[in-house]
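K.L.:
Here you go, protein-v3.cif (mmCIF, C-alpha atoms):
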data_upload
loop_
_atom_site.label_atom_id
_atom_site.label_comp_id
_atom_site.auth_asym_id
_atom_site.auth_seq_id
_atom_site.Cartn_x
_atom_site.Cartn_y
_atom_site.Cartn_z
CA ASP A 942 -42.21 -15.93 -36.51
CA VAL A 943 -40.97 -15.97 -40.08
CA HIS A 944 -43.46 -13.25 -41.04
CA HIS A 945 -43.02 -10.61 -38.39
CA PHE A 946 -45.26 -8.51 -38.15
CA GLU A 947 -48.54 -9.09 -39.99
CA GLY A 948 -48.29 -12.54 -41.58
CA VAL A 949 -48.85 -13.14 -45.30
CA ARG A 950 -51.91 -12.80 -47.52
CA SER A 951 -51.16 -15.65 -49.93
CA THR A 952 -48.42 -17.94 -51.24
CA THR A 953 -47.42 -15.19 -53.68
CA ASP A 954 -47.21 -12.42 -51.09
CA PRO A 955 -43.93 -10.44 -51.62
CA LEU A 956 -43.13 -11.03 -47.95
CA TRP A 957 -42.07 -14.56 -48.86
CA LEU A 958 -39.13 -12.99 -50.70
CA THR A 959 -38.22 -10.27 -48.21
CA ASN A 960 -38.79 -12.33 -45.03
CA TYR A 961 -37.61 -15.76 -46.15
CA GLU A 962 -36.16 -16.47 -49.59
CA LEU A 963 -33.77 -13.50 -49.75
CA ILE A 964 -32.82 -13.74 -46.07
CA TYR A 965 -32.09 -17.47 -45.80
CA SER A 966 -30.30 -17.73 -49.11
CA HIS A 967 -26.97 -19.32 -48.17
CA PRO A 968 -26.36 -22.69 -49.91
CA ASP A 969 -26.09 -24.41 -46.53
CA LEU A 970 -29.69 -23.37 -45.82
CA MET A 971 -31.05 -25.09 -48.92
CA ILE A 972 -32.22 -27.95 -46.76
CA PRO A 973 -35.68 -29.01 -45.54
CA TRP A 974 -37.37 -26.51 -43.22
CA TYR A 975 -40.08 -27.76 -40.83
CA PRO A 976 -41.97 -24.67 -39.59
CA VAL A 977 -44.60 -24.03 -36.96
CA LEU A 978 -47.09 -21.17 -36.95
CA GLY A 979 -46.37 -18.21 -34.69
CA ASN A 980 -48.71 -15.52 -33.43
CA HIS A 981 -47.61 -13.17 -36.22
CA GLU A 982 -48.50 -15.76 -38.88
CA TYR A 983 -51.93 -15.86 -37.23
CA ARG A 984 -52.38 -12.17 -38.01
CA GLY A 985 -52.52 -13.13 -41.69
CA ASN A 986 -53.50 -16.12 -43.81
CA THR A 987 -52.27 -19.18 -41.93
CA GLN A 988 -53.39 -21.59 -44.65
CA ALA A 989 -51.06 -19.78 -47.07
CA VAL A 990 -48.15 -20.59 -44.75
CA ILE A 991 -49.01 -24.28 -45.00
CA ASP A 992 -49.68 -24.09 -48.74
CA TYR A 993 -46.26 -22.54 -49.37
CA SER A 994 -45.02 -26.13 -49.15
CA GLN A 995 -46.39 -26.50 -52.69
CA VAL A 996 -44.31 -23.53 -53.86
CA SER A 997 -40.96 -24.07 -52.13
CA ALA A 998 -39.15 -27.39 -52.23
CA ARG A 999 -37.51 -26.73 -48.87
CA TRP A 1000 -40.63 -25.53 -46.99
CA ARG A 1001 -42.05 -28.75 -45.49
CA MET A 1002 -45.24 -27.97 -43.60
CA PRO A 1003 -47.90 -30.62 -44.23
CA ALA A 1004 -50.39 -29.32 -41.64
CA ARG A 1005 -50.85 -26.99 -38.67
CA TYR A 1006 -49.39 -29.72 -36.48
CA TYR A 1007 -47.48 -32.79 -37.58
CA ALA A 1008 -44.94 -35.42 -36.52
CA ARG A 1009 -41.65 -36.76 -37.83
CA THR A 1010 -39.42 -39.57 -36.70
CA VAL A 1011 -35.69 -39.30 -37.36
CA GLU A 1012 -32.69 -41.51 -36.77
CA ALA A 1013 -30.60 -40.84 -33.69
CA GLY A 1014 -27.62 -43.08 -34.26
CA ASP A 1015 -29.09 -46.57 -34.03
CA ALA A 1016 -32.10 -45.21 -32.12
CA GLU A 1017 -35.11 -43.07 -33.04
CA ALA A 1018 -36.28 -39.60 -32.07
CA LEU A 1019 -39.91 -38.46 -32.24
CA LEU A 1020 -40.36 -34.82 -33.25
CA LEU A 1021 -43.74 -33.15 -32.74
CA PHE A 1022 -44.45 -29.78 -34.32
CA ILE A 1023 -47.49 -28.23 -32.65
CA ASP A 1024 -49.74 -25.20 -33.14
CA THR A 1025 -49.78 -23.20 -29.92
CA ALA A 1026 -51.67 -19.96 -30.71
CA PRO A 1027 -55.15 -21.59 -30.77
CA LEU A 1028 -54.44 -23.13 -27.35
CA ILE A 1029 -54.09 -19.65 -25.85
CA THR A 1030 -57.34 -17.91 -24.97
CA ARG A 1031 -56.18 -14.36 -25.73
CA TYR A 1032 -55.55 -15.35 -29.35
CA ALA A 1033 -58.52 -17.66 -29.78
CA GLU A 1034 -60.96 -14.99 -28.56
CA ASN A 1035 -59.50 -12.14 -30.62
CA SER A 1036 -61.09 -12.89 -34.00
CA GLU A 1037 -60.34 -9.42 -35.35
CA LYS A 1038 -56.57 -9.59 -34.89
CA TYR A 1039 -56.07 -13.38 -35.13
CA PRO A 1040 -58.95 -14.52 -37.36
CA ASP A 1041 -57.92 -18.18 -37.70
CA ALA A 1042 -57.02 -18.91 -34.07
CA GLY A 1043 -60.53 -19.37 -32.72
CA ARG A 1044 -61.56 -21.58 -35.65
CA GLN A 1045 -59.22 -24.42 -34.72
CA ASP A 1046 -60.29 -27.60 -32.94
CA THR A 1047 -57.95 -27.50 -29.97
CA GLN A 1048 -59.31 -30.69 -28.43
CA ALA A 1049 -58.49 -32.56 -31.65
CA GLN A 1050 -54.92 -31.28 -31.48
CA LEU A 1051 -54.54 -32.27 -27.83
CA ARG A 1052 -55.86 -35.78 -28.60
CA TRP A 1053 -53.40 -35.99 -31.49
CA ILE A 1054 -50.48 -34.93 -29.27
CA GLU A 1055 -51.34 -37.60 -26.70
CA GLN A 1056 -51.81 -40.22 -29.42
CA GLN A 1057 -48.42 -39.43 -30.92
CA LEU A 1058 -46.59 -39.42 -27.60
CA SER A 1059 -48.22 -42.63 -26.42
CA SER A 1060 -47.89 -44.61 -29.65
CA HIS A 1061 -44.12 -44.32 -30.06
CA PRO A 1062 -42.74 -46.27 -27.08
CA GLU A 1063 -39.70 -47.16 -29.16
CA ALA A 1064 -38.64 -43.52 -29.51
CA ARG A 1065 -35.46 -42.95 -27.53
CA TRP A 1066 -36.01 -39.19 -27.48
CA LYS A 1067 -39.15 -37.06 -27.64
CA ILE A 1068 -38.88 -33.42 -28.69
CA VAL A 1069 -41.82 -31.03 -29.05
CA PHE A 1070 -41.57 -27.77 -31.00
CA GLY A 1071 -44.09 -24.97 -30.56
CA HIS A 1072 -44.00 -21.21 -30.94
CA HIS A 1073 -44.99 -20.13 -27.42
CA PRO A 1074 -43.20 -21.01 -24.16
CA LEU A 1075 -44.62 -22.83 -21.16
CA TYR A 1076 -41.91 -21.39 -18.91
CA ALA A 1077 -39.79 -18.33 -19.68
CA ASP A 1078 -38.93 -14.83 -18.57
CA THR A 1079 -41.07 -12.50 -20.65
CA ASP A 1080 -43.28 -9.43 -20.48
CA LYS A 1081 -45.97 -11.28 -22.45
CA LYS A 1082 -49.22 -11.91 -20.60
CA GLU A 1083 -48.91 -14.66 -18.00
CA SER A 1084 -52.07 -16.31 -19.33
CA GLU A 1085 -50.16 -17.32 -22.47
CA ARG A 1086 -47.97 -19.59 -20.36
CA THR A 1087 -50.58 -20.78 -17.87
CA ASP A 1088 -52.96 -21.75 -20.71
CA LEU A 1089 -50.24 -23.94 -22.21
CA GLN A 1090 -49.07 -25.31 -18.87
CA ARG A 1091 -52.60 -26.45 -18.06
CA GLN A 1092 -53.13 -28.25 -21.37
CA LEU A 1093 -49.67 -29.47 -22.36
CA GLU A 1094 -47.56 -30.01 -19.26
CA PRO A 1095 -49.52 -33.05 -17.99
CA LEU A 1096 -49.04 -34.76 -21.37
CA PHE A 1097 -45.35 -33.88 -21.53
CA ASN A 1098 -44.73 -35.23 -18.03
CA LYS A 1099 -46.83 -38.36 -18.54
CA TYR A 1100 -45.12 -39.44 -21.74
CA GLY A 1101 -41.56 -38.41 -20.98
CA VAL A 1102 -40.92 -35.47 -23.30
CA ASP A 1103 -37.23 -34.56 -23.21
CA PHE A 1104 -37.16 -31.09 -24.79
CA TYR A 1105 -39.87 -28.53 -25.39
CA ILE A 1106 -38.37 -25.98 -27.78
CA CYS A 1107 -40.06 -22.67 -28.56
CA GLY A 1108 -39.42 -19.14 -29.82
CA HIS A 1109 -41.62 -16.06 -29.31
CA ILE A 1110 -39.47 -14.34 -26.67
CA HIS A 1111 -36.43 -13.43 -28.85
CA ASN A 1112 -33.66 -14.63 -26.50
CA PHE A 1113 -32.01 -17.80 -25.24
CA GLN A 1114 -33.49 -19.47 -22.15
CA HIS A 1115 -33.08 -22.89 -20.54
CA VAL A 1116 -35.49 -23.60 -17.69
CA ARG A 1117 -35.88 -26.67 -15.49
CA VAL A 1118 -39.10 -26.62 -13.46
CA PRO A 1119 -38.84 -28.08 -9.93
CA GLY A 1120 -40.36 -31.57 -9.93
CA SER A 1121 -40.19 -31.95 -13.72
CA ASN A 1122 -37.62 -33.75 -15.87
CA ILE A 1123 -38.30 -31.67 -19.02
CA ASP A 1124 -35.81 -29.18 -20.41
CA TYR A 1125 -37.74 -26.10 -21.51
CA ILE A 1126 -35.77 -24.32 -24.23
CA THR A 1127 -36.42 -20.88 -25.72
CA ASN A 1128 -34.47 -20.37 -28.93
CA THR A 1129 -33.35 -16.85 -29.67
CA SER A 1130 -34.03 -14.79 -32.79
CA GLY A 1131 -31.88 -13.90 -35.78
CA SER A 1132 -32.75 -10.25 -35.10
CA LEU A 1133 -34.80 -8.06 -32.74
CA SER A 1134 -33.33 -9.83 -29.72
CA ARG A 1135 -34.57 -8.82 -26.27
CA LYS A 1136 -33.17 -8.54 -22.76
CA VAL A 1137 -33.76 -11.44 -20.39
CA ASN A 1138 -33.57 -12.10 -16.65
CA PRO A 1139 -33.46 -15.41 -14.77
CA ILE A 1140 -36.64 -16.77 -13.21
CA GLU A 1141 -37.23 -19.71 -10.88
CA GLY A 1142 -35.72 -22.72 -12.60
CA THR A 1143 -33.51 -20.79 -15.01
CA VAL A 1144 -30.35 -22.74 -15.83
CA PHE A 1145 -29.11 -20.29 -18.45
CA CYS A 1146 -30.30 -17.20 -20.28
CA SER A 1147 -28.79 -14.76 -22.77
CA PRO A 1148 -30.04 -11.87 -24.92
CA GLU A 1149 -27.66 -12.73 -27.77
CA PRO A 1150 -29.09 -13.36 -31.26
CA GLY A 1151 -28.18 -16.68 -32.84
CA PHE A 1152 -29.56 -20.19 -33.25
CA SER A 1153 -29.54 -23.66 -31.70
CA ILE A 1154 -28.34 -27.02 -32.97
CA VAL A 1155 -29.70 -30.33 -31.68
CA SER A 1156 -27.83 -33.61 -32.11
CA ALA A 1157 -28.69 -37.08 -30.85
CA ASP A 1158 -27.52 -40.65 -30.74
CA LYS A 1159 -28.71 -43.61 -28.69
CA LYS A 1160 -26.99 -42.42 -25.50
CA THR A 1161 -27.02 -38.63 -25.68
CA LEU A 1162 -29.36 -35.81 -26.68
CA GLU A 1163 -27.60 -32.45 -26.91
CA LEU A 1164 -28.70 -28.89 -27.71
CA ARG A 1165 -26.13 -26.15 -28.22
CA MET A 1166 -27.05 -22.45 -28.11
CA ILE A 1167 -24.81 -20.57 -30.55
CA ASP A 1168 -24.40 -16.82 -30.95
CA LYS A 1169 -24.04 -14.93 -34.23
CA GLN A 1170 -20.24 -15.27 -34.11
CA GLY A 1171 -20.53 -19.05 -33.85
CA ASN A 1172 -19.62 -19.27 -30.16
CA VAL A 1173 -21.35 -21.97 -28.11
CA LEU A 1174 -22.96 -20.10 -25.20
CA HIS A 1175 -24.66 -23.01 -23.44
CA THR A 1176 -25.10 -26.75 -23.91
CA VAL A 1177 -28.06 -28.82 -22.70
CA THR A 1178 -27.25 -32.53 -22.45
CA ARG A 1179 -29.51 -35.47 -21.62
CA SER A 1180 -28.25 -39.03 -21.30
CA LYS A 1181 -29.97 -42.41 -21.24
#
Translate this structure into structure tokens?
P.N.:
Amino acid sequence: DVHHFEGVRSTTDPLWLTNYELIYSHPDLMIPWYPVLGNHEYRGNTQAVIDYSQVSARWRMPARYYARTVEAGDAEALLLFIDTAPLITRYAENSEKYPDAGRQDTQAQLRWIEQQLSSHPEARWKIVFGHHPLYADTDKKESERTDLQRQLEPLFNKYGVDFYICGHIHNFQHVRVPGSNIDYITNTSGSLSRKVNPIEGTVFCSPEPGFSIVSADKKTLELRMIDKQGNVLHTVTRSK
């Protein structure tokens, strides 16, 4: 969530300054940002989050869900940015707290995800980004994860997704589910980090605040979890 706690009202909401522009102001961060909506954005005006792309040159959010292809050495990586809150019943049915969640056509998004994954056979790597986890240690309601597992995991397994990267939980987690070849990654937060415990399939977990960096070439896909001091805490490596 960029706009923790209550989302924004418009593209001119002062929260854009206090939560984004004045926080991520270092020159090295004046690069394209490709956001996804979180549950806290869904407490406000989600269309304003998309429309902020017309205000900020670095905010690149063309739709609620979208795809990009990027070079990975002399290969190609497919990046899917998806909208998870509407896929979760507890958000979709709570029109008072999350007014936009239940209005979304979730079947259209699921068809789009399958179309994207199936129509890029040339992509060496496939990475999906969404706000909510499919597998993670958390005190959030279990239905959040089971709703996503039911709808997304069959597609991810069928079309060979390499990484599913999410947030929401405010800590670092790397989970490998028995019988699956997907690396499920939870990226930590820049603040408000939370304690974490291993679950079945946990390869690594840490409550440290920080960020992750992903790099790729034709042979190797690598994600490094980095704490606020710049120390690499854990590396996830896939090879082909």
K.L.:
Between A:Ala1013, A:Val1155, A:Leu978, A:Ile1126, which residue has the minimum interatomic distance to A:Asp1041, considering only C-alpha atoms?
P.N.:
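Using only C-alpha atoms, the shortest distance to A:Asp1041 belongs to A:Leu978.
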K.L.:
Show me the residues close to (-34.4, -29.4, -52.6) - anything with an atom within 12 Å, counting only C-alpha atoms - and format the list as a PyMOL selection string.
P.N.:
chain A and resi 968-974+994+996-1001
K.L.:
Can you list, as a list in words, the residues that the PyMOL selection byres ((chain A and resi 1050) around 10) selects here?
P.N.:
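Applied to this file, the PyMOL selection byres ((chain A and resi 1050) around 10) returns Arg1005, Tyr1006, Tyr1007, Ile1023, Asp1024, Thr1025, Pro1027, Leu1028, Gln1045, Asp1046, Thr1047, Gln1048, Ala1049, Leu1051, Arg1052, Trp1053, Ile1054, Glu1055 and Gln1056 of chain A.
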K.L.:
Quick one: everything within 12 Å of A:Tyr983, counting only C-alpha atoms, minus sequence neighbours fewer than 6 positions away in the same chain. Send it as a ChimeraX atom specification.
P.N.:
/A:942-950,977,989-991,1005,1024-1027,1032-1033,1035-1045,1072
K.L.:
Just to confirm, what's the straight-line distance from atom CA of A:Glu982 to atom CA of A:Cys1107 in Å (one decimal)?
P.N.:
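For atom CA of A:Glu982 relative to atom CA of A:Cys1107, the distance reads 15.0 Å.
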K.L.:
Convert the output of the PyMOL selection byres ((chain A and resi 1149) around 7) on the shown file into explicit residues, formatted as a ChimeraX atom specification.
P.N.:
/A:1112,1134,1147-1148,1150-1151,1168
K.L.:
Taking (-29.1, -42.2, -32.2) in the file's coordinates as the center, which residues reach within 9 Å of it, counting only C-alpha atoms, put as a ChimeraX atom specification?
P.N.:
/A:1011-1018,1065-1066,1156-1162
K.L.:
Limited to C-alpha atoms, could you put the picked residues into a file as a PDB file, keeping the file's coordinate frame?
P.N.:
ATOM      1  CA  VAL A1011     -35.690 -39.300 -37.360  1.00  0.00           C
ATOM      2  CA  GLU A1012     -32.690 -41.510 -36.770  1.00  0.00           C
ATOM      3  CA  ALA A1013     -30.600 -40.840 -33.690  1.00  0.00           C
ATOM      4  CA  GLY A1014     -27.620 -43.080 -34.260  1.00  0.00           C
ATOM      5  CA  ASP A1015     -29.090 -46.570 -34.030  1.00  0.00           C
ATOM      6  CA  ALA A1016     -32.100 -45.210 -32.120  1.00  0.00           C
ATOM      7  CA  GLU A1017     -35.110 -43.070 -33.040  1.00  0.00           C
ATOM      8  CA  ALA A1018     -36.280 -39.600 -32.070  1.00  0.00           C
ATOM      9  CA  ARG A1065     -35.460 -42.950 -27.530  1.00  0.00           C
ATOM     10  CA  TRP A1066     -36.010 -39.190 -27.480  1.00  0.00           C
ATOM     11  CA  SER A1156     -27.830 -33.610 -32.110  1.00  0.00           C
ATOM     12  CA  ALA A1157     -28.690 -37.080 -30.850  1.00  0.00           C
ATOM     13  CA  ASP A1158     -27.520 -40.650 -30.740  1.00  0.00           C
ATOM     14  CA  LYS A1159     -28.710 -43.610 -28.690  1.00  0.00           C
ATOM     15  CA  LYS A1160     -26.990 -42.420 -25.500  1.00  0.00           C
ATOM     16  CA  THR A1161     -27.020 -38.630 -25.680  1.00  0.00           C
ATOM     17  CA  LEU A1162     -29.360 -35.810 -26.680  1.00  0.00           C
TER      18      LEU A1162
END
K.L.:
Give me the result of the PyMOL selection byres ((chain A and resi 1082-1091) around 8) on this file, residue by residue, as a list of chain:residue names.
P.N.:
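For this structure, the PyMOL selection byres ((chain A and resi 1082-1091) around 8) captures A:Thr1025, A:Leu1028, A:Ile1029, A:Thr1030, A:Arg1031, A:His1073, A:Pro1074, A:Leu1075, A:Tyr1076, A:Asp1080, A:Lys1081, A:Gln1092, A:Leu1093, A:Glu1094, A:Pro1095.
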K.L.:
Take the residues from that selection and write them out as a short mmCIF file (atom, residue, chain, number, x, y, z; two decimals), keeping the file's coordinate frame, keeping C-alpha atoms.
P.N.:
data_model
loop_
_atom_site.label_atom_id
_atom_site.label_comp_id
_atom_site.auth_asym_id
_atom_site.auth_seq_id
_atom_site.Cartn_x
_atom_site.Cartn_y
_atom_site.Cartn_z
CA THR A 1025 -49.78 -23.20 -29.92
CA LEU A 1028 -54.44 -23.13 -27.35
CA ILE A 1029 -54.09 -19.65 -25.85
CA THR A 1030 -57.34 -17.91 -24.97
CA ARG A 1031 -56.18 -14.36 -25.73
CA HIS A 1073 -44.99 -20.13 -27.42
CA PRO A 1074 -43.20 -21.01 -24.16
CA LEU A 1075 -44.62 -22.83 -21.16
CA TYR A 1076 -41.91 -21.39 -18.91
CA ASP A 1080 -43.28 -9.43 -20.48
CA LYS A 1081 -45.97 -11.28 -22.45
CA GLN A 1092 -53.13 -28.25 -21.37
CA LEU A 1093 -49.67 -29.47 -22.36
CA GLU A 1094 -47.56 -30.01 -19.26
CA PRO A 1095 -49.52 -33.05 -17.99
#
K.L.:
Please compute the atom CA of A:Phe1104-atom CA of A:Pro1062 distance, one decimal, in Å.
P.N.:
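Computed distance, atom CA of A:Phe1104 to atom CA of A:Pro1062, equals 16.3 Å.
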K.L.:
Nearest to A:Val1144: which of A:Gln1114, A:Asn1172, A:Ser1132, A:Asn960 is it, counting all atoms listed in the file?
P.N.:
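The shortest atom-to-atom distance to A:Val1144 comes from A:Gln1114.
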K.L.:
Could you please determine the separation between atom CA of A:Phe1152 and atom CA of A:Ser951 in Å, to one decimal place?
P.N.:
27.7 Å
K.L.:
Choose the residue, out of A:Leu1020, A:Val1116, A:Val1173, A:Ala1008, that has the smallest atom-to-atom separation from A:Ile1068; count all atoms listed in the file.
P.N.:
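Among A:Leu1020, A:Val1116, A:Val1173, A:Ala1008, it is A:Leu1020 that comes nearest to A:Ile1068.
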K.L.:
Of the candidates A:Glu1034, A:Asn1098, A:Tyr1105, A:Leu1164, which shows the shortest atom-to-atom distance to A:Thr1178, using all atoms listed in the file?
P.N.:
A:Leu1164
K.L.:
Please determine, counting all atoms listed in the file, which residue among A:Leu1096, A:Ile1154, A:Val1177, A:Met1166 has the shortest atom-to-atom distance to A:Arg1117.
P.N.:
A:Val1177
K.L.:
For each of A:Asp1103, A:Asp1124, A:Glu1163, A:Glu962, take the minimum atom-to-atom distance to A:Ala1064, counting all atoms listed in the file, then give the residue where this is smallest.
P.N.:
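For A:Ala1064, the nearest of the given residues is A:Asp1103.
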